[in-house]
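Inspection log for the structure reproduced underneath, given as structure tokens.
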Amino acid sequence: MSEIRLLDAQAAERERTALAETLADCVAGGASLGIRWPLSVEEAHSWWGSVIESVAAGSTLLFGAYVDGRLRGTVQLAFDGPCNQRHRGDVRKLLVHRDARGQGLGNHLMTALENEATQRKLALLTLDTATGSDAERLYERRGYTKAGEIPNYALTPDGRPCTTSMFWKALS
């Protein structure tokens with residue numbers, strides 16, 4: 001059974017090891033997240049510190065996906081842009097541990113994120129993802145519009161350049 005929770009900074013700190021394990025697993029699996037491989041769980045644990053600080057500051061929301069009470073996925077909604085862009089949020093780092101994929105967690109996380117964004121009266125969501133990825137197909141199924149592709153925008157965890165797709169979705 002799965003459940004999606006909005007994590008405050010204290011809850012995120014309690015889940016920091018599970019968050020780190022999920023991030024390290026996704027990078028090891030080749031996910032283009034702006035993080036190079038190899039990534040140890042300890043390095044991933046440290047990486048989460050800045051996210052937790054952003055959650056504590058109120059500029060990022062962190063959602064956790066739980067399967068049988070264990071954190072197996074996460075996504076962030078950031079609204080820390082300039083003052084003329086406070087009407088939009090950035091979707092960041094949709095992660096699902098490889099052993100929990102195929103259960104709809106990514107879709108459930110995005111539903112929770114979009115619902116919260118709508119409650120907060122955000123009008124627009126933006127994101128980027130590796131072109132041709134499973135995540136790209138998920139966003140397209142959820143009604144995101146591809147604004148375009150940028151060749152060699154990011155590097156895969158093993159250092160190869162990859163094309164990135166930029167997406168947006170208007171919220172009502």
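Chain labels follow the order of the structure tokens: the first chain is A, the next B, and so on; residue numbering restarts at 1 in every chain, and ligands are counted from 1 in their shown order.
Residues in contact with Ser133 in chain A at 10 Å, where only C-alpha atoms are counted and same-chain residues fewer than 5 positions away are skipped, are listed as A:Ala31, A:Ser32, A:Leu138, A:Thr164, A:Ser165.
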Apply DSSP to the backbone of this structure and, from chain A, keep only the residues in strand (DSSP E); write these as a ChimeraX atom specification. /A:2-7,60-67,70-78,88-96,124-130,145-155,161-170
Per DSSP on the backbone, what are the helix (DSSP H, G or I) residues of range 17-136 of chain A, as a VMD selection string? chain A and resid 17 to 28 41 to 57 83 to 85 98 to 100 105 to 119 134 to 136
Could you turn the residues from that selection into a file that holds C-alpha atoms, as a compact mmCIF listing (two decimals), in the first residue's frame?
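Contents of result.txt, as written:
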```txt
# COMPACT_ATOMS: atom_id res chain seq x y z
CA THR A 17 18.95 8.21 5.25
CA ALA A 18 16.05 6.89 3.14
CA LEU A 19 16.19 10.04 0.98
CA ALA A 20 19.94 9.52 0.49
CA GLU A 21 19.48 5.85 -0.39
CA THR A 22 16.83 6.75 -2.97
CA LEU A 23 18.96 9.47 -4.55
CA ALA A 24 22.05 7.23 -4.69
CA ASP A 25 19.99 4.41 -6.22
CA CYS A 26 18.56 6.68 -8.93
CA VAL A 27 22.00 8.04 -9.83
CA ALA A 28 23.41 4.49 -9.90
CA VAL A 41 24.97 7.21 0.27
CA GLU A 42 27.09 9.48 2.50
CA GLU A 43 27.48 12.06 -0.31
CA ALA A 44 23.76 11.82 -1.04
CA HIS A 45 23.05 12.29 2.67
CA SER A 46 25.06 15.51 2.55
CA TRP A 47 23.33 16.65 -0.67
CA TRP A 48 19.95 16.47 1.05
CA GLY A 49 21.12 19.02 3.63
CA SER A 50 20.59 21.95 1.25
CA VAL A 51 17.17 20.63 0.27
CA ILE A 52 16.14 20.32 3.90
CA GLU A 53 17.38 23.88 4.52
CA SER A 54 15.24 25.07 1.60
CA VAL A 55 12.23 23.24 3.04
CA ALA A 56 12.87 24.86 6.44
CA ALA A 57 13.11 28.29 4.76
CA CYS A 83 9.61 38.30 -7.50
CA ASN A 84 8.10 38.53 -11.00
CA GLN A 85 7.77 34.72 -11.10
CA ARG A 98 14.36 1.25 -8.66
CA ASP A 99 12.90 -1.49 -6.47
CA ALA A 100 9.64 0.48 -6.14
CA LEU A 105 4.58 6.28 -7.30
CA GLY A 106 5.86 8.91 -9.76
CA ASN A 107 2.32 9.61 -10.91
CA HIS A 108 1.02 9.77 -7.30
CA LEU A 109 3.83 12.13 -6.31
CA MET A 110 3.02 14.42 -9.25
CA THR A 111 -0.70 14.40 -8.39
CA ALA A 112 0.08 15.49 -4.83
CA LEU A 113 2.49 18.17 -6.06
CA GLU A 114 0.01 19.56 -8.58
CA ASN A 115 -2.81 19.57 -6.03
CA GLU A 116 -0.67 21.48 -3.53
CA ALA A 117 0.46 23.92 -6.24
CA THR A 118 -3.18 24.57 -7.13
CA GLN A 119 -4.09 25.12 -3.45
CA ASP A 134 10.63 7.44 -18.45
CA ALA A 135 10.07 10.72 -16.62
CA GLU A 136 9.56 12.55 -19.91
```
Which residues are near Tyr153 in chain A? Cut-off 7 Å, only C-alpha atoms, ignore same chain within fewer than 2 positions. Put them as a count of residues only. 5
Between CA of Val91 in chain A and CA of Gly29 in chain A, what is the distance, to one decimal in Å? 20.6 Å
Given only C-alpha atoms as the basis, pick out the residue of A:Ala154, A:Met166, A:Met1, A:Leu171 nearest to His87 in chain A.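 Answer, going by the shortest atom-to-atom distance: A:Leu171.
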What does the structure give for the distance between CA of Gly148 in chain A and CA of Phe167 in chain A, in Å to one decimal?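 Calculated distance between CA of Gly148 in chain A and CA of Phe167 in chain A is 7.5 Å.
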Between A:Gly81, A:Gly34, A:Gly69, A:Gly89, single out the one closest to Pro161 in chain A, counting only C-alpha atoms.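 Answer, going by the shortest atom-to-atom distance: A:Gly34.
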To one decimal place in Å, what is the distance between CA of Arg101 in chain A and CA of Arg72 in chain A?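 Computing it gives 8.9 Å between the two atoms.
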Out of A:Thr126, A:Gln103, A:Ser172, A:Gln76, which residue has the shortest atom-to-atom distance to Thr145 in chain A when counting only C-alpha atoms?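 Among the listed residues, A:Thr126 lies closest to Thr145 in chain A.
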Could you tell me which of A:Ala147, A:Ala123, A:Leu33, A:Leu39 comes closest to Arg92 in chain A if we count only C-alpha atoms? A:Leu33
My list of candidates is A:Leu155, A:Leu62, A:Ala170, A:Ala78. Which is closest to Leu125 in chain A when distances are computed with only C-alpha atoms?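 Result for the nearest residue to Leu125 in chain A: A:Ala170.
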